[in-house]
$ cat my_file_15.cif   # mmCIF, C-alpha atoms
data_model
loop_
_atom_site.label_atom_id
_atom_site.label_comp_id
_atom_site.auth_asym_id
_atom_site.auth_seq_id
_atom_site.Cartn_x
_atom_site.Cartn_y
_atom_site.Cartn_z
CA MET A 1 135.30 185.82 88.27
CA ASP A 2 138.63 185.54 90.01
CA ILE A 3 140.83 183.27 87.86
CA GLN A 4 143.28 182.59 90.70
CA LEU A 5 140.52 181.44 93.00
CA PHE A 6 139.12 179.27 90.17
CA LEU A 7 142.49 177.54 89.60
CA TRP A 8 142.94 177.03 93.36
CA ASN A 9 139.47 175.48 93.50
CA VAL A 10 140.25 173.18 90.54
CA PHE A 11 143.39 172.05 92.40
CA THR A 12 141.65 171.28 95.67
CA VAL A 13 138.55 169.70 94.10
CA SER A 14 140.66 167.40 91.91
CA ILE A 15 142.67 166.26 94.95
CA ILE A 16 139.42 165.49 96.75
CA ALA A 17 138.22 163.62 93.64
CA SER A 18 141.32 161.44 93.71
CA VAL A 19 140.75 160.73 97.42
CA ILE A 20 137.22 159.56 96.50
CA ILE A 21 138.62 157.43 93.64
CA GLY A 22 141.03 155.83 96.09
CA VAL A 23 138.21 155.00 98.53
CA LEU A 24 136.06 153.52 95.72
CA GLY A 25 139.01 151.44 94.52
CA VAL A 26 139.65 150.03 97.99
CA VAL A 27 135.98 149.11 98.40
CA PHE A 28 134.99 147.84 94.94
CA LYS A 29 138.11 146.31 93.30
CA PRO A 30 138.29 142.57 94.09
CA ASN A 31 141.98 142.26 93.17
CA ALA A 32 144.26 142.62 96.19
CA VAL A 33 147.08 144.40 94.33
CA LYS A 34 144.60 146.93 92.91
CA LYS A 35 143.30 147.48 96.43
CA ILE A 36 146.85 148.31 97.57
CA ILE A 37 147.32 150.69 94.61
CA ALA A 38 144.05 152.46 95.43
CA LEU A 39 145.09 152.74 99.07
CA THR A 40 148.38 154.35 97.99
CA ILE A 41 146.52 156.80 95.73
CA MET A 42 144.26 157.77 98.64
CA ASN A 43 147.18 158.16 101.05
CA ASP A 44 149.22 160.35 98.70
CA SER A 45 146.22 162.52 97.77
CA ILE A 46 145.55 163.21 101.43
CA CYS A 47 149.24 164.10 101.89
CA ILE A 48 149.04 166.63 99.04
CA LEU A 49 145.85 168.06 100.55
CA ILE A 50 147.64 168.59 103.88
CA VAL A 51 150.62 170.25 102.18
CA ALA A 52 148.21 172.51 100.28
CA VAL A 53 146.91 173.84 103.61
CA GLY A 54 150.35 175.37 104.19
CA TYR A 55 150.45 177.09 100.80
CA LEU A 56 151.17 180.83 100.99
CA HIS A 57 149.73 182.98 98.21
CA SER A 58 152.70 185.31 97.82
CA SER A 59 155.46 185.67 95.26
CA LYS A 60 158.07 186.00 98.04
CA ALA A 61 157.28 182.67 99.73
CA ARG A 62 160.13 180.15 99.81
CA PRO A 63 160.63 176.52 100.90
CA PRO A 64 161.22 176.37 104.67
CA VAL A 65 165.02 176.27 104.72
CA TYR A 66 167.26 179.11 105.85
CA GLU A 67 169.94 179.58 103.20
CA THR A 68 172.42 181.32 105.48
CA PRO A 69 172.36 181.70 109.27
CA GLN A 70 172.16 185.50 108.93
CA ALA A 71 169.08 185.72 106.67
CA SER A 72 166.28 186.33 109.16
CA SER A 73 163.85 188.42 107.08
CA MET A 74 162.85 185.68 104.62
CA VAL A 75 159.22 184.66 104.00
CA PHE A 76 158.58 180.91 104.24
CA VAL A 77 155.54 178.75 103.58
CA ASP A 78 154.00 177.09 106.63
CA PRO A 79 156.49 174.32 107.64
CA LEU A 80 154.18 172.47 110.04
CA PRO A 81 152.01 170.59 107.44
CA GLN A 82 155.17 169.48 105.64
CA ALA A 83 156.57 168.00 108.84
CA LEU A 84 153.25 166.21 109.46
CA VAL A 85 153.32 164.81 105.93
CA VAL A 86 156.85 163.43 106.34
CA THR A 87 155.52 161.26 109.16
CA ALA A 88 152.43 160.31 107.13
CA ILE A 89 154.58 159.23 104.16
CA VAL A 90 156.69 156.93 106.34
CA ILE A 91 153.61 155.39 107.97
CA GLY A 92 152.05 154.89 104.50
CA LEU A 93 155.24 153.25 103.33
CA ALA A 94 155.25 150.86 106.28
CA LEU A 95 151.60 150.00 105.61
CA THR A 96 152.26 149.35 101.89
CA LEU A 97 155.29 147.19 102.70
CA PHE A 98 153.43 145.01 105.15
CA LEU A 99 150.34 144.72 102.92
CA SER A 100 152.33 143.75 99.84
CA ILE A 101 154.30 141.10 101.69
CA THR A 102 151.08 139.74 103.19
CA VAL A 103 149.43 139.66 99.76
CA LEU A 104 152.43 137.82 98.29
CA ARG A 105 152.12 135.22 101.04
CA LEU A 106 148.37 134.97 100.33
CA TYR A 107 149.09 134.39 96.65
CA GLU A 108 151.58 131.65 97.45
CA HIS A 109 149.04 129.99 99.73
CA LEU A 110 145.86 130.29 97.62
CA GLY A 111 147.15 130.78 94.07
CA THR A 112 144.84 133.74 93.48
CA LEU A 113 144.81 137.47 94.15
CA ASN A 114 141.05 137.83 93.74
CA PHE A 115 139.29 138.08 97.10
CA HIS A 116 135.98 136.74 95.72
CA ARG A 117 137.71 133.62 94.40
CA ALA A 118 139.67 133.24 97.62
CA LEU A 119 136.46 133.33 99.68
CA ARG A 120 134.81 130.80 97.33
CA LEU A 121 137.82 128.48 97.70
CA GLU A 122 137.55 128.75 101.46
CA GLU A 123 133.81 127.95 101.35
CA GLU A 124 134.45 124.91 99.16
CA ALA A 125 137.12 123.70 101.56
CA ARG A 126 134.69 124.10 104.49
CA GLU A 127 131.97 122.18 102.63
CA VAL A 128 134.40 119.35 101.92
CA GLU A 129 135.32 119.29 105.61
CA LEU A 130 131.63 119.17 106.61
CA GLU A 131 130.97 116.31 104.20
CA GLU A 132 133.89 114.37 105.57
CA ALA A 133 132.64 114.93 109.13
CA GLY A 134 129.15 113.72 108.07
CA GLU A 135 130.60 110.52 106.63
CA ASP A 136 132.31 109.75 109.90
CA MET B 1 138.39 148.44 72.24
CA SER B 2 135.05 149.30 73.89
CA ARG B 3 136.79 148.93 77.25
CA HIS B 4 139.15 151.80 76.37
CA TYR B 5 136.17 153.95 75.36
CA GLY B 6 134.65 153.24 78.77
CA ILE B 7 137.81 154.42 80.55
CA LEU B 8 137.95 157.57 78.40
CA LEU B 9 134.27 158.26 79.06
CA SER B 10 134.64 157.95 82.84
CA LEU B 11 137.75 160.16 82.72
CA ALA B 12 135.80 162.82 80.81
CA ILE B 13 132.92 162.60 83.32
CA ILE B 14 135.30 163.00 86.29
CA VAL B 15 137.16 165.96 84.72
CA SER B 16 133.94 167.76 83.78
CA MET B 17 132.50 167.18 87.26
CA VAL B 18 135.65 168.61 88.86
CA LEU B 19 135.56 171.67 86.59
CA LEU B 20 131.83 172.18 87.20
CA ALA B 21 132.19 171.89 90.97
CA SER B 22 135.06 174.39 91.04
CA LEU B 23 133.10 176.79 88.79
CA VAL B 24 130.14 176.65 91.18
CA LEU B 25 132.42 177.16 94.19
CA THR B 26 134.19 180.11 92.56
CA ALA B 27 130.91 181.75 91.49
CA ASN B 28 129.81 181.66 95.14
CA ASP B 29 133.24 182.96 96.25
CA ILE B 30 134.02 179.87 98.33
CA SER B 31 137.37 178.09 98.55
CA ILE B 32 137.60 174.71 100.28
CA ILE B 33 141.08 175.46 101.63
CA PRO B 34 141.37 179.21 102.26
CA LEU B 35 144.10 180.97 100.28
CA GLN B 36 146.56 182.29 102.87
CA LEU B 37 148.15 185.67 102.27
CA GLY B 38 150.38 185.70 105.37
CA LEU B 39 151.82 183.25 107.86
CA SER B 40 149.83 182.46 110.98
CA GLU B 41 151.17 183.42 114.41
CA LEU B 42 152.07 179.80 115.26
CA ALA B 43 153.92 179.22 111.98
CA SER B 44 155.95 182.41 112.24
CA ARG B 45 156.88 181.52 115.83
CA ILE B 46 158.07 178.08 114.67
CA VAL B 47 160.09 179.67 111.85
CA ARG B 48 161.66 182.14 114.27
CA TYR B 49 162.46 179.51 116.89
CA SER B 50 164.03 176.95 114.57
CA TYR B 51 167.11 179.06 113.84
CA CYS B 52 168.16 182.30 115.51
CA ASN B 53 171.33 183.44 117.18
CA CYS B 54 169.64 183.71 120.56
CA ILE B 55 169.26 181.68 123.75
CA ASN B 56 166.13 179.67 122.97
CA SER B 57 166.61 178.13 119.56
CA SER B 58 166.70 174.78 117.81
CA LEU B 59 169.90 175.66 115.86
CA SER B 60 168.80 173.93 112.66
CA LEU B 61 168.63 175.71 109.30
CA ALA B 62 166.15 173.21 107.83
CA ILE B 63 162.90 174.08 109.59
CA VAL B 64 161.12 170.81 108.78
CA ASN B 65 163.95 168.84 110.40
CA ALA B 66 163.82 171.11 113.43
CA ILE B 67 160.10 170.33 113.78
CA LEU B 68 160.65 166.60 113.26
CA TRP B 69 163.36 166.15 115.90
CA ASP B 70 162.85 169.03 118.29
CA PHE B 71 159.10 169.73 118.51
CA ARG B 72 157.76 166.30 117.61
CA GLY B 73 160.65 164.00 118.52
CA ILE B 74 158.44 161.38 120.17
CA ASP B 75 156.19 161.26 117.08
CA THR B 76 159.19 160.70 114.83
CA PHE B 77 160.53 157.98 117.11
CA PHE B 78 157.27 156.08 117.01
CA GLU B 79 157.01 156.57 113.25
CA THR B 80 160.38 154.83 112.92
CA THR B 81 159.06 152.15 115.25
CA VAL B 82 156.05 151.58 112.97
CA LEU B 83 158.40 151.07 109.99
CA PHE B 84 160.47 148.73 112.19
CA ILE B 85 157.42 146.65 113.10
CA ALA B 86 156.25 146.47 109.45
CA VAL B 87 159.67 145.27 108.30
CA ILE B 88 159.92 142.73 111.12
CA GLY B 89 156.41 141.49 110.29
CA GLY B 90 157.28 140.99 106.64
CA TRP B 91 160.51 139.28 107.56
CA ILE B 92 158.85 136.92 110.04
CA VAL B 93 156.41 135.75 107.35
CA TYR B 94 159.35 134.63 105.20
CA LYS B 95 161.75 133.88 108.04
CA ASN B 96 163.15 130.50 107.12
CA VAL B 97 163.43 130.73 103.35
CA PHE B 98 166.78 132.47 102.97
CA GLU B 99 168.30 129.88 100.67
CA PHE B 100 169.81 130.95 97.39
CA ASN B 101 172.60 129.59 95.24
CA ARG B 102 172.22 131.30 91.91
CA THR B 103 174.14 134.38 90.90
CA SER B 104 171.38 136.76 89.88
CA ILE B 105 167.62 136.91 90.26
CA SER B 106 166.64 136.27 86.65
CA GLY B 107 169.16 133.44 86.20
CA LYS B 108 171.20 135.55 83.79
CA THR B 109 174.68 136.64 84.78
CA TYR B 110 175.60 140.16 83.79
CA SER B 111 178.96 141.06 82.24
CA LEU B 112 181.96 141.91 84.41
CA ILE B 113 181.76 145.59 83.40
CA VAL B 114 178.18 145.94 84.68
CA GLU B 115 178.99 144.15 87.93
CA THR B 116 182.05 146.30 88.64
CA ILE B 117 180.29 149.56 87.79
CA THR B 118 177.42 148.62 90.10
CA LYS B 119 179.84 148.02 92.97
CA LEU B 120 181.54 151.37 92.25
CA SER B 121 178.22 153.20 92.12
CA LEU B 122 177.37 151.69 95.51
CA VAL B 123 180.32 153.63 96.97
CA ILE B 124 179.15 156.85 95.30
CA ALA B 125 175.60 156.30 96.51
CA PHE B 126 176.92 155.70 100.03
CA ILE B 127 178.81 159.00 100.04
CA VAL B 128 175.90 161.00 98.59
CA SER B 129 173.36 159.46 100.96
CA LEU B 130 175.59 159.97 103.99
CA ALA B 131 175.99 163.62 103.01
CA LEU B 132 172.22 163.92 102.64
CA ALA B 133 171.73 162.44 106.11
CA LEU B 134 174.46 164.47 107.83
CA ASN B 135 173.30 167.74 106.24
CA GLY B 136 169.74 167.10 107.37
CA HIS B 137 169.69 170.06 109.76
CA LEU B 138 171.20 172.45 107.18
CA SER B 139 169.47 171.63 103.90
CA PRO B 140 166.42 169.70 102.66
CA GLY B 141 166.84 165.99 103.30
CA GLY B 142 167.49 163.98 106.42
CA GLY B 143 168.08 160.50 107.75
CA PHE B 144 165.07 158.87 106.15
CA GLN B 145 165.74 160.37 102.72
CA GLY B 146 169.42 159.39 102.81
CA GLY B 147 168.58 155.84 103.85
CA VAL B 148 166.07 155.45 101.03
CA LEU B 149 168.65 156.74 98.52
CA PHE B 150 171.27 154.21 99.65
CA SER B 151 168.81 151.36 99.61
CA THR B 152 167.92 152.06 95.96
CA ALA B 153 171.61 151.46 95.17
CA ILE B 154 171.35 148.20 97.11
CA ILE B 155 168.37 147.02 95.06
CA VAL B 156 170.35 147.59 91.82
CA LEU B 157 173.18 145.59 93.41
CA ILE B 158 170.78 142.71 94.20
CA VAL B 159 169.50 142.64 90.61
CA VAL B 160 172.97 142.68 89.07
CA ASN B 161 175.26 140.83 91.48
CA GLY B 162 172.75 138.61 93.22
CA LEU B 163 171.64 138.13 96.81
CA GLU B 164 174.48 135.70 97.54
CA TRP B 165 177.11 138.39 96.87
CA LEU B 166 175.29 140.86 99.09
CA ARG B 167 174.99 138.30 101.87
CA ARG B 168 178.61 137.16 101.72
CA ASN B 169 180.35 140.51 101.22
CA LEU B 170 178.22 143.34 102.52
CA LEU B 171 175.24 142.78 104.77
CA PRO B 172 173.79 139.40 105.81
CA PRO B 173 170.11 139.56 106.84
CA TYR B 174 170.83 138.96 110.53
CA ARG B 175 173.39 141.77 110.59
CA ALA B 176 170.87 144.05 108.86
CA LEU B 177 168.41 143.19 111.61
CA SER B 178 170.92 144.05 114.33
CA LEU B 179 171.92 147.32 112.57
CA ARG B 180 168.23 148.19 112.46
CA THR B 181 167.95 147.64 116.19
CA ILE B 182 171.14 149.62 116.85
CA GLY B 183 169.72 152.62 114.96
CA LEU B 184 166.46 152.56 116.88
CA LEU B 185 168.25 152.08 120.22
CA GLY B 186 170.54 155.00 119.33
CA ILE B 187 167.57 157.31 118.83
CA PHE B 188 166.03 155.99 122.06
CA SER B 189 169.14 156.55 124.17
CA LEU B 190 169.84 159.97 122.64
CA ALA B 191 166.30 160.95 123.61
CA PHE B 192 166.98 160.10 127.26
CA LEU B 193 170.47 161.67 127.33
CA PRO B 194 169.25 165.15 128.45
CA LEU B 195 167.17 163.56 131.21
CA LEU B 196 170.15 161.54 132.51
CA SER B 197 172.47 164.52 132.28
CA GLY B 198 169.94 166.59 134.22
CA LEU B 199 169.68 163.93 136.91
CA ILE B 200 173.47 163.79 137.27
CA HIS B 201 174.11 167.54 137.29
CA GLY B 202 171.01 168.50 139.22
CA TYR B 203 168.83 170.38 136.76
CA VAL B 204 165.66 169.66 134.80
CA GLY B 205 166.10 167.63 131.61
CA PHE B 206 163.47 166.85 128.99
CA VAL B 207 163.06 163.80 126.77
CA PHE B 208 163.97 164.68 123.16
CA GLN B 209 165.41 168.00 124.29
CA ASN B 210 167.55 169.73 121.69
CA GLN B 211 169.22 172.83 123.12
CA ALA B 212 169.36 174.49 126.54
CA LYS B 213 166.21 176.08 127.98
CA PRO B 214 168.03 178.53 130.32
CA PRO B 215 165.82 179.05 133.39
CA LEU B 216 165.22 175.29 133.71
CA SER B 217 167.66 173.18 131.78
CA PHE B 218 171.29 173.68 130.79
CA PHE B 219 171.88 170.59 128.61
CA ASN B 220 173.67 171.83 125.49
CA LEU B 221 175.04 169.88 122.52
CA TYR B 222 176.14 171.94 119.53
CA TYR B 223 179.13 172.50 117.28
CA GLU B 224 180.49 175.81 116.09
CA VAL B 225 181.72 176.70 112.60
CA GLY B 226 183.08 180.20 112.07
CA GLY B 227 181.35 181.58 115.14
CA VAL B 228 177.94 180.18 114.12
CA ARG B 229 176.36 177.48 116.26
CA TYR B 230 174.60 174.43 114.79
CA SER B 231 172.70 171.71 116.62
CA LEU B 232 174.73 168.51 117.07
CA ILE B 233 171.94 166.38 118.47
CA ILE B 234 169.74 166.70 115.37
CA LEU B 235 172.74 165.55 113.31
CA LEU B 236 173.11 162.48 115.53
CA TYR B 237 169.38 161.70 115.32
CA ASN B 238 169.60 161.91 111.52
CA LEU B 239 172.63 159.59 111.52
CA PHE B 240 170.88 156.92 113.60
CA GLU B 241 167.73 157.25 111.49
CA TYR B 242 169.91 156.76 108.39
CA ILE B 243 171.41 153.53 109.77
CA ALA B 244 168.00 152.24 110.79
CA VAL B 245 166.28 153.00 107.48
CA THR B 246 169.09 151.59 105.32
CA ALA B 247 169.18 148.31 107.24
CA ALA B 248 165.38 148.08 107.21
CA PHE B 249 165.10 148.50 103.46
CA THR B 250 167.92 146.01 102.86
CA LEU B 251 165.94 143.52 104.92
CA VAL B 252 162.79 144.24 102.88
CA PHE B 253 164.68 143.71 99.63
CA TYR B 254 166.01 140.39 100.94
CA THR B 255 162.45 139.34 101.66
CA ILE B 256 160.97 140.43 98.33
CA ALA B 257 163.88 139.09 96.25
CA THR B 258 163.56 135.75 98.04
CA ILE B 259 159.87 135.62 97.09
CA VAL B 260 160.80 136.28 93.45
CA PHE B 261 163.35 133.43 93.62
CA ARG B 262 160.77 131.01 94.94
CA GLU B 263 158.23 132.02 92.29
CA GLU B 264 160.79 131.39 89.56
CA GLN B 265 161.74 128.00 90.91
CA GLY B 266 158.08 127.02 91.15
CA VAL B 267 158.03 126.54 94.92
CA ARG B 268 154.60 126.88 96.51
CA GLY B 269 154.40 127.32 100.28
#
$ encode --input "my_file_15.cif" --output "structure tokens"
Amino acid sequence: MDIQLFLWNVFTVSIIASVIIGVLGVVFKPNAVKKIIALTIMNDSICILIVAVGYLHSSKARPPVYETPQASSMVFVDPLPQALVVTAIVIGLALTLFLSITVLRLYEHLGTLNFHRALRLEEEAREVELEEAGED
Amino acid sequence: MSRHYGILLSLAIIVSMVLLASLVLTANDISIIPLQLGLSELASRIVRYSYCNCINSSLSLAIVNAILWDFRGIDTFFETTVLFIAVIGGWIVYKNVFEFNRTSISGKTYSLIVETITKLSLVIAFIVSLALALNGHLSPGGGFQGGVLFSTAIIVLIVVNGLEWLRRNLLPPYRALSLRTIGLLGIFSLAFLPLLSGLIHGYVGFVFQNQAKPPLSFFNLYYEVGGVRYSLIILLYNLFEYIAVTAAFTLVFYTIATIVFREEQGVRG
């Protein structure tokens, strides 16, 4: 068995496992902050997966920066996935920022971070409204 | 205690499943992402184009920055716009609560030594982050990275010296908002500069064009050090991105620190 291929497979499969963990966290955790954390885990795992596509299996491969203007015979890793990931990181950051500020506002308004409890509070408020309408 | 055992158990299950799956994949000689032994044709063309001493080149030593501003300039512009919209959205939610009188967030005042050293380190952080932004086309880094570095110094300043100091002496929230807009407008107008220059001088100009494309376009903006040419327009893009990102993060820290203030004072919206 090829040990290098095995290690490479462990790397990729564990990244995919953390993507799945992120998805499960977003779906099943009722707490809003934990949902945001799971979303961040998913986002960053996908970023690492994209960077891994550009990996070059060679001992001569370097980060994609020319050290001097004259050095033209250097071997670089694929720079395109890295440039894609820079954009993805900024978009993920913007998403996290907006979500966390929204969740803070939600907490101020409802006094809870749990979505189940928030929905129950809303239902109770609607029932009270209906009762009041019936009395009129 | 049993809860911790549950976490350990699920961790062990996940790790063993990952190892088993990769064993099965390796036994069948499959890899999910193929191991590359050489660069693809596209990647080597990009690497060659991003810096060479020839006619068609991006004149940027950092290849990732060349891709960001030369090949995918419009993408990068809209990425900055997304950050802009997120920050504006967060700010709008807390628009009219910028009221603070106390000296520091936690109510404690730090000693004079800590306050002075924080202000001094702000200057150092400014120099380092500006260097990171201005060297974006020569070394790893760029406008976004420099802006984030400077804004971490600003968050230490907020914790130690308080929001009131920041607002009175350095950057009020409205000025941060206008700086943010200036940065974005700078990127926008730099993008249309080649087009305008082409219209005036009578040749073809492209949006987000970096260097001259000789048969069509002759718009050229570079500086020369020791006979070696470097792209000037990528430097300017990085500078505007730096201004925009720094102001945006300052605005975000205003918002979040204000929320912390209100929580401490027991104000419920």
$ resolve_selection --input "my_file_15.cif" --expression "the PyMOL selection byres ((chain B) within 8 of (chain A))" --output "PyMOL selection string"
chain B and resi 14+18-19+21-23+25-27+31-39+43-44+47+51-52+61-65+67-68+75-76+79-80+82-83+86-87+89-90+93+138-140+228+256+259+268-269
$ atom_distance --input "my_file_15.cif" --atom1 "CA of Ile182 in chain B" --atom2 "CA of Ala244 in chain B"
7.3 Å
$ residues_around --input "my_file_15.cif" --residues "Leu236 in chain B" --least-positions-apart "6" --cutoff "10 Å" --atoms "only C-alpha atoms" --output "ChimeraX atom specification"
/B:133-134,136,143,186-187,190,242
$ resolve_selection --input "my_file_15.cif" --expression "the PyMOL selection byres ((chain B and resi 58) around 9)" --output "ChimeraX atom specification"
/B:49-52,56-57,59-61,66-67,70,210-211,230-231,234
$ atom_distance --input "my_file_15.cif" --atom1 "CA of Leu196 in chain B" --atom2 "CA of Asn135 in chain B"
27.2 Å
$ atom_distance --input "my_file_15.cif" --atom1 "CA of Ile113 in chain B" --atom2 "CA of Phe261 in chain B"
24.3 Å
$ resolve_selection --input "my_file_15.cif" --expression "the PyMOL selection byres ((chain A and resi 35-42) around 6)" --output "list in words"
Val19, Gly22, Gly25, Val26, Ala32, Val33, Lys34, Asn43, Asp44 and Ser45 of chain A
$ residues_around --input "my_file_15.cif" --residues "His201 in chain B" --least-positions-apart "5" --cutoff "12 Å" --atoms "all atoms listed in the file" --output "ChimeraX atom specification"
/B:194-196,217-219
$ residues_around --input "my_file_15.cif" --residues "Thr116 in chain B" --least-positions-apart "5" --cutoff "12 Å" --atoms "all atoms listed in the file" --output "PDB file with C-alpha atoms, in the frame of the given file"
ATOM      1  CA  TYR B 110     175.600 140.160  83.790  1.00  0.00           C
ATOM      2  CA  SER B 111     178.960 141.060  82.240  1.00  0.00           C
ATOM      3  CA  SER B 121     178.220 153.200  92.120  1.00  0.00           C
ATOM      4  CA  LEU B 122     177.370 151.690  95.510  1.00  0.00           C
ATOM      5  CA  VAL B 123     180.320 153.630  96.970  1.00  0.00           C
ATOM      6  CA  LEU B 157     173.180 145.590  93.410  1.00  0.00           C
ATOM      7  CA  VAL B 160     172.970 142.680  89.070  1.00  0.00           C
ATOM      8  CA  ASN B 161     175.260 140.830  91.480  1.00  0.00           C
TER       9      ASN B 161
END
